[in-house]
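> Data file run-v6.tsv (TSV, C-alpha atoms) is appended below.
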chain	number	residue	atom	x	y	z
A	222	MET	CA	-28.88	25.59	-21.90
A	223	ALA	CA	-31.66	23.01	-21.56
A	224	LYS	CA	-33.96	23.18	-18.57
A	225	LYS	CA	-33.91	20.26	-16.19
A	226	LYS	CA	-37.13	18.28	-16.23
A	227	LYS	CA	-38.83	18.44	-12.83
A	228	PRO	CA	-39.66	15.05	-11.32
A	229	GLN	CA	-43.29	14.09	-10.98
A	230	LYS	CA	-44.51	14.69	-7.42
A	231	SER	CA	-46.70	11.59	-7.07
A	232	ILE	CA	-48.00	8.58	-8.95
A	233	SER	CA	-51.62	7.90	-8.05
A	234	ASN	CA	-53.94	4.93	-8.24
A	235	ARG	CA	-57.14	6.53	-9.51
A	236	ARG	CA	-58.92	3.20	-9.88
A	237	ALA	CA	-58.64	2.49	-6.14
A	238	ARG	CA	-60.87	5.45	-5.24
A	239	PHE	CA	-63.47	4.24	-7.74
A	240	ASP	CA	-63.44	0.57	-6.71
A	241	TYR	CA	-63.15	1.04	-2.93
A	242	GLU	CA	-64.60	3.15	-0.16
A	243	ILE	CA	-61.50	4.54	1.55
A	244	LYS	CA	-61.40	4.52	5.37
A	245	ASP	CA	-58.06	5.11	7.15
A	246	THR	CA	-54.95	6.27	5.31
A	247	LEU	CA	-51.32	6.18	6.33
A	248	ILE	CA	-47.98	7.03	4.73
A	249	ALA	CA	-45.37	4.26	4.82
A	250	GLY	CA	-41.84	3.82	3.57
A	251	VAL	CA	-40.94	1.30	0.88
A	252	GLN	CA	-37.81	-0.84	0.68
A	253	LEU	CA	-36.42	-0.24	-2.84
A	254	THR	CA	-33.24	-0.81	-4.80
A	255	GLY	CA	-31.31	2.07	-6.34
A	256	ALA	CA	-32.57	1.41	-9.86
A	257	GLU	CA	-36.17	1.28	-8.62
A	258	THR	CA	-35.73	4.57	-6.78
A	259	ARG	CA	-34.39	6.25	-9.89
A	260	ALA	CA	-37.20	4.86	-12.06
A	261	ILE	CA	-39.89	6.03	-9.61
A	262	ARG	CA	-38.36	9.51	-9.44
A	263	GLN	CA	-38.65	9.60	-13.26
A	264	GLY	CA	-42.33	8.61	-12.98
A	265	GLN	CA	-41.95	5.10	-14.39
A	266	ALA	CA	-44.11	3.22	-11.91
A	267	ASP	CA	-47.69	1.98	-12.09
A	268	LEU	CA	-50.03	1.12	-9.21
A	269	LYS	CA	-52.66	-0.51	-11.43
A	270	GLY	CA	-53.68	-3.80	-9.83
A	271	ALA	CA	-51.43	-3.28	-6.79
A	272	TYR	CA	-52.39	-4.46	-3.31
A	273	VAL	CA	-50.88	-5.01	0.14
A	274	THR	CA	-50.52	-8.44	1.77
A	275	ALA	CA	-49.54	-9.46	5.30
A	276	LYS	CA	-46.85	-12.13	5.74
A	277	ASN	CA	-45.16	-13.05	9.03
A	278	GLY	CA	-46.26	-9.86	10.78
A	279	GLU	CA	-45.00	-7.62	7.95
A	280	LEU	CA	-46.80	-5.78	5.18
A	281	TRP	CA	-45.70	-6.32	1.57
A	282	LEU	CA	-46.58	-4.22	-1.46
A	283	THR	CA	-47.43	-6.60	-4.29
A	284	ASN	CA	-47.90	-6.17	-8.04
A	285	VAL	CA	-46.50	-2.64	-8.39
A	286	THR	CA	-44.84	-2.32	-11.77
A	287	VAL	CA	-41.59	-0.33	-11.78
A	288	SER	CA	-40.21	-0.27	-15.29
A	289	GLY	CA	-36.63	0.85	-15.59
A	290	SER	CA	-35.01	3.10	-18.16
A	291	HIS	CA	-31.76	2.94	-20.09
A	292	LEU	CA	-30.10	4.74	-17.14
A	293	ALA	CA	-31.50	2.38	-14.51
A	294	PRO	CA	-32.29	-1.03	-16.04
A	295	ILE	CA	-34.50	-3.40	-14.06
A	296	ALA	CA	-34.76	-7.11	-14.87
A	297	ASP	CA	-38.15	-8.37	-16.06
A	298	GLU	CA	-38.64	-10.63	-13.01
A	299	ASP	CA	-37.90	-7.70	-10.65
A	300	LYS	CA	-40.39	-5.25	-12.22
A	301	THR	CA	-43.35	-6.60	-10.24
A	302	ARG	CA	-41.58	-8.12	-7.23
A	303	SER	CA	-43.01	-7.76	-3.71
A	304	ARG	CA	-41.56	-4.84	-1.76
A	305	LYS	CA	-41.53	-4.58	2.02
A	306	LEU	CA	-43.38	-1.66	3.61
A	307	LEU	CA	-41.54	0.13	6.39
A	308	MET	CA	-43.88	1.04	9.23
A	309	LYS	CA	-44.00	1.05	13.02
A	310	SER	CA	-45.10	-2.23	14.58
A	311	ARG	CA	-48.17	-0.56	16.12
A	312	GLU	CA	-49.28	0.62	12.67
A	313	ILE	CA	-48.63	-2.81	11.13
A	314	LYS	CA	-50.78	-4.47	13.82
A	315	GLN	CA	-53.57	-1.95	13.16
A	316	PHE	CA	-53.58	-2.73	9.42
A	317	ILE	CA	-53.39	-6.49	9.97
A	318	GLU	CA	-56.39	-6.30	12.34
A	319	ALA	CA	-58.32	-4.32	9.71
A	320	LYS	CA	-57.44	-6.97	7.12
A	321	ASP	CA	-58.67	-9.72	9.46
A	322	GLN	CA	-61.99	-7.87	9.79
A	323	GLY	CA	-62.51	-8.15	6.03
A	324	ASN	CA	-61.10	-4.84	4.84
A	325	THR	CA	-58.67	-4.52	1.95
A	326	ILE	CA	-55.39	-2.61	2.09
A	327	VAL	CA	-54.84	-0.66	-1.12
A	328	PRO	CA	-52.02	1.64	-2.20
A	329	LEU	CA	-53.34	5.08	-3.18
A	330	GLU	CA	-50.25	6.92	-4.39
A	331	ILE	CA	-46.46	6.95	-4.45
A	332	LEU	CA	-45.01	10.17	-3.03
A	333	ASN	CA	-41.56	11.19	-4.21
A	334	SER	CA	-41.43	14.89	-3.40
A	335	GLY	CA	-38.98	14.68	-0.50
A	336	LYS	CA	-35.75	12.89	0.25
A	337	TYR	CA	-37.45	9.50	0.58
A	338	ILE	CA	-39.99	7.69	-1.55
A	339	LYS	CA	-43.12	6.95	0.44
A	340	ILE	CA	-46.43	5.30	-0.36
A	341	ARG	CA	-49.89	6.25	0.90
A	342	ILE	CA	-51.89	3.14	1.78
A	343	ALA	CA	-55.44	2.87	3.06
A	344	THR	CA	-57.85	0.38	4.52
A	345	ALA	CA	-60.86	0.13	2.26
A	346	VAL	CA	-64.09	-1.74	1.63
A	347	GLY	CA	-64.98	-2.82	-1.89
A	348	LYS	CA	-67.88	-0.97	-3.49
A	349	LYS	CA	-70.81	-2.80	-5.01
A	350	LEU	CA	-71.80	-2.22	-8.64
A	351	TYR	CA	-74.69	0.08	-7.68
A	352	ASP	CA	-72.32	2.19	-5.53
A	353	LYS	CA	-70.01	2.61	-8.52
A	354	ARG	CA	-72.94	3.70	-10.68
A	355	ALA	CA	-73.98	6.23	-8.04
A	356	THR	CA	-70.43	7.61	-8.00
A	357	LEU	CA	-70.53	8.06	-11.77
A	358	LYS	CA	-73.90	9.83	-11.59
A	359	GLU	CA	-72.67	12.20	-8.89
A	360	ARG	CA	-69.54	12.99	-10.90
A	361	ASP	CA	-71.55	13.72	-14.06
A	362	ALA	CA	-74.00	15.91	-12.15
A	363	SER	CA	-71.20	17.95	-10.57
A	364	ARG	CA	-69.56	18.39	-14.00
A	365	ASN	CA	-72.84	19.63	-15.47
A	366	ILE	CA	-73.29	22.08	-12.60
A	367	GLN	CA	-69.73	23.38	-13.06
A	368	ARG	CA	-70.22	23.69	-16.81
A	369	TYR	CA	-73.55	25.51	-16.37
A	370	SER	CA	-72.15	27.92	-13.76
A	371	HIS	CA	-69.19	28.82	-16.01
A	372	THR	CA	-71.39	29.57	-19.02
A	373	ASN	CA	-73.71	31.87	-17.03
A	374	ASN	CA	-70.93	33.99	-15.50
Could the structure of this file be written out as structure tokens, please?

Amino acid sequence: MAKKKKPQKSISNRRARFDYEIKDTLIAGVQLTGAETRAIRQGQADLKGAYVTAKNGELWLTNVTVSGSHLAPIADEDKTRSRKLLMKSREIKQFIEAKDQGNTIVPLEILNSGKYIKIRIATAVGKKLYDKRATLKERDASRNIQRYSHTNN
């Protein structure tokens, strides 16, 4: 008997942590169709280039690619459609105020471990080029320290 493949717990946006300095994070619900839900549970979503916009007092998740499978087909025009974020009005106002102050709202990861599919979003400030270089230097230095400590033990 074949083992059932376990669903992926989360789909992360690694580029967001490199390009932005993350401030406040929050977990929000996402309004999805059945085929999109099934595709995300199978790990067929991509947050590359995704962002959050504010329209009419609501937050919308834009440019998330959800590619369907043969079990749950999704039309080409619906793969990157805008999806409404489900949050409390107090939280929406807080994020809209942060956006008005010049911050960016970026999606960090899609969580699908429980009954519902949620998304972790954050307010962030874009890093400058020299900040990105400093991040790379710190990462390389920590790797070298880890590598050196493992060889001496």
> Can you tell me how far atom CA of A:Tyr241 sits from atom CA of A:Ile340, in Å to one decimal?
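We find that atom CA of A:Tyr241 and atom CA of A:Ile340 lie 17.4 Å from each other.
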> Hey, which of A:Arg262, A:Arg368, A:Lys276, A:Arg302 ends up closest to A:Gly335? Count only C-alpha atoms.
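Nearest candidate to A:Gly335 out of A:Arg262, A:Arg368, A:Lys276, A:Arg302: A:Arg262.
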> Give me, as a ChimeraX atom specification, all polymer residues having an atom no more than 12 Å from A:Lys320, counting only C-alpha atoms and skipping those fewer than 5 positions away in the same chain.
/A:272-276,280,313-315,325-327,343-346
> Which residue, A:Thr286, A:Glu318, A:Gly347, A:Thr356, has the smallest gap to A:Glu298 when you use all atoms listed in the file?
A:Thr286
> Measuring atom to atom with only C-alpha atoms, identify which of A:Leu253, A:Leu268, A:Ile261, A:Ile232 is nearest to A:Asp299.
A:Leu253
> Which value, in Å to one decimal, gives the distance between atom CA of A:Thr301 and atom CA of A:Gln322?
27.4 Å
> Is it possible to get the residues within 12 Å of (-30.0, -2.8, -13.8) (coordinates as in the file, counting only C-alpha atoms) written as a PyMOL selection string?
chain A and resi 254-260+288-300
> Go ahead and find all residues with at least one atom no further than 6 Å from (-53.4, 8.0, -8.3) in the file's coordinates, using only C-alpha atoms; report them as number ranges by chain.
A: 232-235, 329-330
> Name all residues at most 9 Å from A:Lys305 (count all atoms listed in the file; drop same-chain ones fewer than 5 positions away) and give them as a PyMOL selection string.
chain A and resi 250-253+279-283
> What's the separation between atom CA of A:Arg311 and atom CA of A:Ser231, in Å to one decimal place?
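Going from atom CA of A:Arg311 over to atom CA of A:Ser231, I get 26.2 Å.
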> Select, from A:Ala266, A:Phe239, A:Glu312, A:Leu350, the residue with the minimum atom-to-atom distance to A:Ile331, counting only C-alpha atoms.
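Ranked by minimum distance to A:Ile331, first place goes to A:Ala266.
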